[in-house]
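Step one of this worksheet: look at the structure below.
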Amino acid sequence: MKHRIVVLGAGYAGANAASRLAHRLHPDDVEITVVNADPDFAERVRMHQLAVGQRLTRRPLAELFAGTGIVLRIARVGSVDVDRQLVHVHEHGSEIEIGYDTLVYALGSTAGSNGVPGVAEYAHTVTDPRTALRLRDRLSELDSGATVLVVGGGLTGIEAATEIAESRPDLAVTLAVRTSLGDRLSERARRHLDAVFERLGITVRTHTGIARIDAAGATTTEDQVVPADVTVWTAGFAVHPIAAATPLTVAPSGRIMVDRTMRSISHPDVYAVGDAALADGPGIEPFRMSCASGIPMAWQAADAIAARLTTRRVPRVPIFYVTQCISLGRHDALLQFVTPDDRPRNVVLKGRRAARYKETICKGAALIAAHPAAAAPLSRHRHLTTTPEIQGTQSAAESSISFDTIR
């Protein structure tokens with residue numbers, strides 16, 4: 001009987017984990033099933049582009065996984081029974097169960113309201129194609145002079161604000177941030193960011209907390225009203241509540257707590273990668289929610305699963321950061337070089353050169369999901385042993401992988 005590996009989610013982390021496992025393990029011995037709600041691979045780092053009406057390349061998952069032996073099921077995950085090793089999904093109007101021997105949980109994250117009333121009812125987000133297209137349609141309805149408020153000073157907020165302002169210079173765009181603009185960037189990067197925002201005519205409200213959102217805009221924690229015809233919320237991300245409803249050990253945020261191989265600290269047949277996992281980072285902070293963390297986390301999990309099933313040494317993949325790449329519209333960008341633990345260095349690439357680099361990274365991230373050998377040499381199709389190591393830990397053979405930070 002084949003060993004059943006089920007991967008939940010086919011974003012950057014899930015698609016990479018599944019593809020890498022398919023290249024590592026022999027198809028006679030394993031059955032790899034990917035469960036995803038949508039038939040296409042969503043380039044999440046491009047959702048701000050989709051929101052302003054740009055056409056993105058369609059990437060069907062069936063084509064991405066063609067020739068790998070991966071079984072793709074277009075279904076929505078309802079719950080996971082980790083005691084019985086079952087996943088309950090909604091597929092074609094029916095509720096079915098999918099059994100597994102090894103589970104890779106990669107359901108990612110969605111917009112989080114941070115407890116602010118009105119976000120769900122009145123704000124737009126750019127976390128997936130559905131929400132980005134909804135924002136696109138709303139922006140297309142706005143007349144010249146209309147106001148757009150983007151809430152959140154992280155990379156998603158910066159990219160959304162600059163993309164909207166560049167594509168619709170007739171709109172009045174405001175960015176509200178809790179601290180200062182680009183507070184995690186170097187001084188050189190912040191100067192460029194300030195110049196771009198001034199060039200695009202974006203108003204920045206620093207040290208502004210949002211207390212509630214309504215149809216007319218936002219009210220700050222200091223009870224000031226910020227009027228807006230459209231409010232875009234980028235001030236937080238939350239994981240799906242599925243894991244927290246199981247006996248899996250999760251953090252207060254609902255992220256699954258994992259060891260250095262991305263294996264659940266409570267259930268050794270479950271691995272978690274990407275935004276859904278809480279793993280120790282290279283510094284004092286856990287890996288942050290990002291494509292740059294999720295892809296190498298997926299490589300580590302896939303390599304660990306393959307090694308344990310074939311009774312080989314479990315490789316350790318030290319994950320560290322190199323850059324942060326930030327789009328500032330289609331013709332400008334920031335490439336902030338960082339230390340391995342993600343602290344900004346005083347080395348910055350900016351302008352059109354940085355924009356071309358960012359575009360290369362975005363294309364590469366999608367390519368790697370289908371062709372994991374492009375990122376690291378792979379040994380193909382190893383047979384499982386009769387007594388695969390699942391419960392124990394093995395000594396680590398050191399290898400090193402870094403991934404340039406997209407978001």
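Here, A, B, ... name the chains of the structure tokens in the order displayed, residue numbers run from 1 inside each chain, and ligands are numbered from 1 in the same displayed order.
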
Determine, counting only C-alpha atoms, which protein, DNA and RNA residues have an atom within 10 Å of an atom of Leu25 in chain A; residues of the same chain fewer than 4 positions away are not included. Present the result as a list in words.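 The residues that qualify are Arg20, Leu21, Asp29, Val30, Glu31, Ile32, Ala302, Asp303, Ile305, Ala306, Ala307, Leu309, Thr310, Ser379, Arg380, His381, Arg382, His383 and Leu384 of chain A.
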
Every residue of range 15-231 of chain A that DSSP places in strand (DSSP E), as a short mmCIF file (atom, residue, chain, number, x, y, z; two decimals) with N, CA and C atoms, in the first residue's frame:
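Everything below was put into part.cif:
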data_model
loop_
_atom_site.label_atom_id
_atom_site.label_comp_id
_atom_site.auth_asym_id
_atom_site.auth_seq_id
_atom_site.Cartn_x
_atom_site.Cartn_y
_atom_site.Cartn_z
N VAL A 30 4.57 6.19 -3.09
CA VAL A 30 3.81 7.26 -2.43
C VAL A 30 2.71 7.76 -3.35
N GLU A 31 1.66 8.26 -2.72
CA GLU A 31 0.59 8.96 -3.42
C GLU A 31 0.51 10.36 -2.82
N ILE A 32 0.79 11.36 -3.63
CA ILE A 32 0.80 12.75 -3.16
C ILE A 32 -0.46 13.43 -3.67
N THR A 33 -1.28 13.91 -2.76
CA THR A 33 -2.53 14.59 -3.10
C THR A 33 -2.45 16.03 -2.62
N VAL A 34 -2.78 16.95 -3.50
CA VAL A 34 -2.85 18.37 -3.15
C VAL A 34 -4.31 18.80 -3.16
N VAL A 35 -4.74 19.40 -2.07
CA VAL A 35 -6.11 19.91 -1.96
C VAL A 35 -6.05 21.44 -1.97
N ASN A 36 -6.73 22.05 -2.93
CA ASN A 36 -6.74 23.51 -3.03
C ASN A 36 -8.12 23.97 -3.44
N VAL A 71 -1.74 14.16 -7.44
CA VAL A 71 -3.19 14.15 -7.62
C VAL A 71 -3.73 15.48 -7.10
N LEU A 72 -4.38 16.24 -7.97
CA LEU A 72 -4.93 17.54 -7.60
C LEU A 72 -6.42 17.42 -7.36
N ARG A 73 -6.87 17.89 -6.20
CA ARG A 73 -8.30 17.89 -5.88
C ARG A 73 -8.72 19.33 -5.58
N ILE A 74 -9.64 19.84 -6.38
CA ILE A 74 -10.15 21.19 -6.18
C ILE A 74 -11.28 21.09 -5.16
N ARG A 76 -12.51 22.52 -0.88
CA ARG A 76 -12.30 23.42 0.25
C ARG A 76 -12.19 22.60 1.53
N VAL A 77 -11.13 22.83 2.29
CA VAL A 77 -10.93 22.09 3.53
C VAL A 77 -11.91 22.58 4.59
N GLY A 78 -12.62 21.63 5.19
CA GLY A 78 -13.56 21.98 6.25
C GLY A 78 -12.99 21.78 7.64
N SER A 79 -12.31 20.64 7.84
CA SER A 79 -11.71 20.34 9.14
C SER A 79 -10.67 19.24 8.97
N VAL A 80 -9.85 19.07 10.01
CA VAL A 80 -8.83 18.03 10.01
C VAL A 80 -8.98 17.23 11.30
N ASP A 81 -9.05 15.90 11.17
CA ASP A 81 -9.09 14.99 12.32
C ASP A 81 -7.71 14.36 12.44
N LEU A 86 -7.57 12.07 9.08
CA LEU A 86 -8.55 12.34 8.04
C LEU A 86 -8.69 13.85 7.82
N VAL A 87 -8.88 14.21 6.57
CA VAL A 87 -9.20 15.59 6.22
C VAL A 87 -10.61 15.61 5.65
N HIS A 88 -11.45 16.48 6.16
CA HIS A 88 -12.82 16.62 5.67
C HIS A 88 -12.86 17.81 4.71
N VAL A 89 -13.30 17.55 3.48
CA VAL A 89 -13.31 18.59 2.46
C VAL A 89 -14.68 18.67 1.81
N HIS A 90 -14.94 19.83 1.21
CA HIS A 90 -16.15 20.05 0.42
C HIS A 90 -15.73 20.06 -1.05
N GLU A 91 -16.22 19.06 -1.79
CA GLU A 91 -15.80 18.90 -3.18
C GLU A 91 -17.02 18.65 -4.04
N SER A 94 -20.29 18.01 -2.30
CA SER A 94 -20.36 16.89 -1.37
C SER A 94 -19.26 17.02 -0.31
N GLU A 95 -19.52 16.45 0.86
CA GLU A 95 -18.52 16.39 1.91
C GLU A 95 -17.88 15.01 1.90
N ILE A 96 -16.56 14.97 1.75
CA ILE A 96 -15.87 13.69 1.68
C ILE A 96 -14.69 13.69 2.64
N GLU A 97 -14.15 12.52 2.89
CA GLU A 97 -12.98 12.37 3.75
C GLU A 97 -11.79 11.90 2.92
N ILE A 98 -10.63 12.46 3.22
CA ILE A 98 -9.40 12.04 2.58
C ILE A 98 -8.43 11.59 3.67
N GLY A 99 -7.99 10.35 3.60
CA GLY A 99 -7.08 9.82 4.59
C GLY A 99 -5.63 10.15 4.25
N THR A 102 0.92 11.09 6.05
CA THR A 102 1.67 12.30 6.37
C THR A 102 0.88 13.48 5.83
N LEU A 103 0.71 14.50 6.67
CA LEU A 103 -0.04 15.69 6.28
C LEU A 103 0.90 16.90 6.24
N VAL A 104 0.82 17.66 5.17
CA VAL A 104 1.52 18.94 5.07
C VAL A 104 0.47 20.04 5.06
N TYR A 105 0.43 20.82 6.12
CA TYR A 105 -0.59 21.85 6.31
C TYR A 105 -0.03 23.17 5.80
N SER A 109 -2.65 32.27 5.01
CA SER A 109 -3.29 33.28 5.85
C SER A 109 -4.24 34.11 5.02
N THR A 110 -5.04 34.89 5.72
CA THR A 110 -5.96 35.82 5.08
C THR A 110 -5.90 37.12 5.84
N ALA A 111 -6.68 38.09 5.42
CA ALA A 111 -6.66 39.38 6.11
C ALA A 111 -7.20 39.22 7.52
N THR A 147 -11.60 59.55 -3.05
CA THR A 147 -10.56 59.30 -2.05
C THR A 147 -10.42 57.83 -1.75
N VAL A 148 -9.16 57.38 -1.62
CA VAL A 148 -8.84 56.00 -1.26
C VAL A 148 -7.95 56.03 -0.03
N LEU A 149 -8.34 55.30 1.00
CA LEU A 149 -7.54 55.17 2.21
C LEU A 149 -6.98 53.76 2.30
N VAL A 150 -5.66 53.65 2.37
CA VAL A 150 -5.00 52.37 2.60
C VAL A 150 -4.52 52.35 4.04
N VAL A 151 -4.95 51.34 4.80
CA VAL A 151 -4.59 51.23 6.21
C VAL A 151 -3.53 50.14 6.37
N ALA A 172 -7.29 60.64 -4.90
CA ALA A 172 -6.54 61.13 -3.73
C ALA A 172 -6.29 59.94 -2.81
N VAL A 173 -5.04 59.49 -2.75
CA VAL A 173 -4.68 58.29 -2.00
C VAL A 173 -4.00 58.69 -0.70
N THR A 174 -4.45 58.09 0.40
CA THR A 174 -3.86 58.32 1.72
C THR A 174 -3.44 56.98 2.31
N LEU A 175 -2.26 56.95 2.93
CA LEU A 175 -1.79 55.76 3.64
C LEU A 175 -1.73 56.08 5.12
N ALA A 176 -2.41 55.28 5.94
CA ALA A 176 -2.39 55.46 7.40
C ALA A 176 -1.53 54.37 8.02
N THR A 203 -0.71 60.98 0.37
CA THR A 203 -0.68 61.57 1.71
C THR A 203 -0.40 60.47 2.73
N VAL A 204 0.55 60.72 3.62
CA VAL A 204 0.88 59.73 4.64
C VAL A 204 0.49 60.27 6.01
N ARG A 205 -0.32 59.49 6.72
CA ARG A 205 -0.69 59.82 8.09
C ARG A 205 0.07 58.88 9.02
N ILE A 210 -6.22 53.00 13.90
CA ILE A 210 -7.60 53.00 13.42
C ILE A 210 -8.49 52.29 14.43
N ALA A 211 -9.55 52.99 14.86
CA ALA A 211 -10.46 52.44 15.85
C ALA A 211 -11.63 51.70 15.22
N ARG A 212 -12.10 52.18 14.07
CA ARG A 212 -13.21 51.51 13.39
C ARG A 212 -13.28 51.97 11.94
N ILE A 213 -13.92 51.14 11.13
CA ILE A 213 -14.14 51.41 9.71
C ILE A 213 -15.64 51.46 9.47
N ASP A 214 -16.08 52.40 8.62
CA ASP A 214 -17.47 52.41 8.20
C ASP A 214 -17.55 52.77 6.73
N GLY A 217 -15.43 55.84 5.59
CA GLY A 217 -14.00 55.89 5.82
C GLY A 217 -13.60 55.26 7.13
N ALA A 218 -12.74 55.96 7.89
CA ALA A 218 -12.22 55.40 9.13
C ALA A 218 -12.23 56.45 10.23
N THR A 219 -12.27 55.96 11.47
CA THR A 219 -12.14 56.81 12.64
C THR A 219 -10.90 56.36 13.39
N THR A 220 -10.03 57.30 13.72
CA THR A 220 -8.77 56.97 14.37
C THR A 220 -8.98 56.74 15.86
N VAL A 225 -11.85 61.68 12.14
CA VAL A 225 -12.47 61.02 11.00
C VAL A 225 -11.59 61.20 9.77
N VAL A 226 -11.30 60.07 9.09
CA VAL A 226 -10.55 60.10 7.83
C VAL A 226 -11.51 59.66 6.73
N PRO A 227 -12.08 60.60 5.99
CA PRO A 227 -13.06 60.22 4.98
C PRO A 227 -12.43 59.46 3.82
N VAL A 230 -13.19 54.64 -0.66
CA VAL A 230 -12.78 53.23 -0.61
C VAL A 230 -11.71 53.09 0.47
N THR A 231 -11.86 52.09 1.32
CA THR A 231 -10.84 51.79 2.33
C THR A 231 -10.24 50.43 2.02
#

Can you measure CA of Gly281 in chain A to CA of Val258 in chain A for me? One decimal in Å is fine. 11.5 Å

Could you build a table of the residues in range 100-171 of chain A lying no more than 9 Å from range 320-333 of chain A, giving for each the nearest pair of atoms and their separation in Å rounded to one decimal place, using only C-alpha atoms, ordered by chain and ascending residue number, as a Markdown table?
| residue | atom | partner | partner_atom | distance |
| --- | --- | --- | --- | --- |
| A:Leu155 | CA | A:Ile326 | CA | 6.6 |
| A:Thr156 | CA | A:Ile326 | CA | 8.7 |
| A:Ile158 | CA | A:Leu328 | CA | 7.4 |
| A:Glu159 | CA | A:Ser327 | CA | 5.5 |
| A:Ala160 | CA | A:Gly329 | CA | 8.5 |
| A:Ala161 | CA | A:Leu328 | CA | 8.5 |
| A:Thr162 | CA | A:Leu328 | CA | 5.3 |
| A:Glu163 | CA | A:Gly329 | CA | 4.5 |
| A:Ile164 | CA | A:Gly329 | CA | 8.0 |
| A:Ala165 | CA | A:Gly329 | CA | 8.2 |
| A:Glu166 | CA | A:Gly329 | CA | 6.1 |
| A:Ser167 | CA | A:Gly329 | CA | 8.0 |

Keeping C-alpha atoms, export the residues of the selection given above as a PDB file, in the first residue's frame.
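Saved file out_11.pdb follows:
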ATOM      1  CA  LEU A 155       4.991  46.057   2.589  1.00  0.00           C
ATOM      2  CA  THR A 156       1.501  45.146   1.387  1.00  0.00           C
ATOM      3  CA  ILE A 158       3.096  50.378   0.645  1.00  0.00           C
ATOM      4  CA  GLU A 159       2.733  48.350  -2.546  1.00  0.00           C
ATOM      5  CA  ALA A 160      -1.045  48.776  -2.682  1.00  0.00           C
ATOM      6  CA  ALA A 161      -0.902  52.536  -2.107  1.00  0.00           C
ATOM      7  CA  THR A 162       1.787  53.176  -4.726  1.00  0.00           C
ATOM      8  CA  GLU A 163       0.156  50.890  -7.297  1.00  0.00           C
ATOM      9  CA  ILE A 164      -3.223  52.609  -6.925  1.00  0.00           C
ATOM     10  CA  ALA A 165      -1.707  56.094  -7.007  1.00  0.00           C
ATOM     11  CA  GLU A 166       0.342  55.350 -10.115  1.00  0.00           C
ATOM     12  CA  SER A 167      -2.477  53.705 -12.046  1.00  0.00           C
TER      13      SER A 167
END

DSSP helix (DSSP H, G or I) selection over range 3-88 of chain A, as a PyMOL selection string: chain A and resi 12-24+44-51+61-64

Min atom-atom distance to Ala244 in chain A from the set A:Ile284, A:Ala216, A:Leu135, A:Val82, counting only C-alpha atoms, belongs to A:Val82

Quick one: everything within 10 Å of Ser264 in chain A, counting only C-alpha atoms, minus sequence neighbours fewer than 3 positions away in the same chain. Send it as a list of chain:residue names.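 Close residues of Ser264 in chain A: A:Val104, A:Tyr105, A:Leu248, A:Thr249, A:Val250, A:Ile256, A:Met257, A:Val258, A:Asp259, A:Arg260, A:Thr261, A:His267, A:Pro268, A:Asp269, A:Val270, A:Tyr271, A:Ala272, A:Ala277, A:Leu278, A:Ala279.
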
Atomic distance CA of Arg345 in chain A - CA of Gly182 in chain A, expressed in Å with one decimal: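 Atom-to-atom, CA of Arg345 in chain A to CA of Gly182 in chain A, that is 13.6 Å.
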
Which residue out of A:Val126, A:Ala10, A:Ala355, A:Met297 has the minimum interatomic distance to Val45 in chain A when only C-alpha atoms are used?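 That would be A:Val126, the residue with the smallest distance to Val45 in chain A.
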
Between CA of Leu64 in chain A and CA of Cys362 in chain A, what is the spacing in Å?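 So the two atoms, CA of Cys362 in chain A and CA of Leu64 in chain A, lie 16.0 Å apart.
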
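Minimum distance to Ser140 in chain A across A:Gly254, A:Gly364, A:Gly53, A:Pro39 (counting only C-alpha atoms) occurs at A:Gly53.
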
Can you list, as a list in words, every protein, DNA or RNA residue that comes within 12 Å of Leu133 in chain A when you count only C-alpha atoms, leaving out same-chain residues fewer than 4 positions away?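 Final neighbour list, sorted by chain and number: Arg46, Met47, His48, Gln49, Leu50, Ala51, Val52, Gly53, Gln54, Arg55, Leu56, His124, Thr125, Val126, Thr127, Asp128, Pro129, Asp137, Arg138, Leu139 and Ser140 of chain A.
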
Can you tell me, as JSON, numbers by chain, what residues are no more than 6 Å from Asp40 in chain A when counting only C-alpha atoms, ignoring any on the same chain fewer than 4 positions away? {"A": [59, 60, 61]}

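Near range 192-194 of chain A, within 9 Å and counting only C-alpha atoms, sit Leu181, Gly182, Glu187, Arg188, Ala189, Arg190, Val196, Phe197, Glu198, Arg199, Leu328, Ala333, Leu334, Lys350 and Gly351 of chain A; same-chain residues fewer than 2 positions away were not included.
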
So that I have them on file, write out the residues from the current selection with N, CA and C atoms, as a PDB file, in the first residue's frame.
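Saved the output as out-v3.pdb:
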ATOM      1  N   LEU A 181       6.550  55.792   8.265  1.00  0.00           N
ATOM      2  CA  LEU A 181       6.606  55.136   6.967  1.00  0.00           C
ATOM      3  C   LEU A 181       7.945  54.429   6.785  1.00  0.00           C
ATOM      4  N   GLY A 182       7.883  53.121   6.498  1.00  0.00           N
ATOM      5  CA  GLY A 182       9.099  52.350   6.266  1.00  0.00           C
ATOM      6  C   GLY A 182       9.968  52.208   7.497  1.00  0.00           C
ATOM      7  N   GLU A 187      17.749  54.111   6.565  1.00  0.00           N
ATOM      8  CA  GLU A 187      17.508  55.533   6.322  1.00  0.00           C
ATOM      9  C   GLU A 187      17.529  55.847   4.829  1.00  0.00           C
ATOM     10  N   ARG A 188      18.457  55.247   4.091  1.00  0.00           N
ATOM     11  CA  ARG A 188      18.522  55.470   2.647  1.00  0.00           C
ATOM     12  C   ARG A 188      17.248  55.004   1.955  1.00  0.00           C
ATOM     13  N   ALA A 189      16.733  53.857   2.364  1.00  0.00           N
ATOM     14  CA  ALA A 189      15.510  53.346   1.757  1.00  0.00           C
ATOM     15  C   ALA A 189      14.319  54.240   2.101  1.00  0.00           C
ATOM     16  N   ARG A 190      14.267  54.726   3.331  1.00  0.00           N
ATOM     17  CA  ARG A 190      13.152  55.591   3.740  1.00  0.00           C
ATOM     18  C   ARG A 190      13.168  56.900   2.954  1.00  0.00           C
ATOM     19  N   VAL A 196       9.235  58.892  -3.440  1.00  0.00           N
ATOM     20  CA  VAL A 196       8.241  58.251  -4.314  1.00  0.00           C
ATOM     21  C   VAL A 196       6.836  58.652  -3.900  1.00  0.00           C
ATOM     22  N   PHE A 197       6.557  58.653  -2.605  1.00  0.00           N
ATOM     23  CA  PHE A 197       5.218  59.031  -2.138  1.00  0.00           C
ATOM     24  C   PHE A 197       4.912  60.482  -2.495  1.00  0.00           C
ATOM     25  N   GLU A 198       5.923  61.343  -2.406  1.00  0.00           N
ATOM     26  CA  GLU A 198       5.702  62.742  -2.789  1.00  0.00           C
ATOM     27  C   GLU A 198       5.453  62.858  -4.286  1.00  0.00           C
ATOM     28  N   ARG A 199       6.231  62.111  -5.079  1.00  0.00           N
ATOM     29  CA  ARG A 199       6.047  62.156  -6.537  1.00  0.00           C
ATOM     30  C   ARG A 199       4.667  61.678  -6.943  1.00  0.00           C
ATOM     31  N   LEU A 328       7.044  49.704  -6.050  1.00  0.00           N
ATOM     32  CA  LEU A 328       6.539  51.074  -5.871  1.00  0.00           C
ATOM     33  C   LEU A 328       5.918  51.511  -7.191  1.00  0.00           C
ATOM     34  N   ALA A 333      10.973  50.645  -7.560  1.00  0.00           N
ATOM     35  CA  ALA A 333      10.966  49.631  -6.505  1.00  0.00           C
ATOM     36  C   ALA A 333      12.120  49.914  -5.557  1.00  0.00           C
ATOM     37  N   LEU A 334      12.111  49.202  -4.449  1.00  0.00           N
ATOM     38  CA  LEU A 334      13.189  49.261  -3.472  1.00  0.00           C
ATOM     39  C   LEU A 334      13.723  47.863  -3.255  1.00  0.00           C
ATOM     40  N   LYS A 350      17.491  50.948  -5.959  1.00  0.00           N
ATOM     41  CA  LYS A 350      16.208  51.621  -6.119  1.00  0.00           C
ATOM     42  C   LYS A 350      15.963  51.958  -7.580  1.00  0.00           C
ATOM     43  N   GLY A 351      14.746  52.394  -7.855  1.00  0.00           N
ATOM     44  CA  GLY A 351      14.397  52.834  -9.197  1.00  0.00           C
ATOM     45  C   GLY A 351      14.079  51.698 -10.148  1.00  0.00           C
TER      46      GLY A 351
END

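If you measure from each of A:Gly93, A:Thr234, A:Thr221, A:Asp170 to Ala123 in chain A using only C-alpha atoms, the closest one turns out to be A:Thr234.
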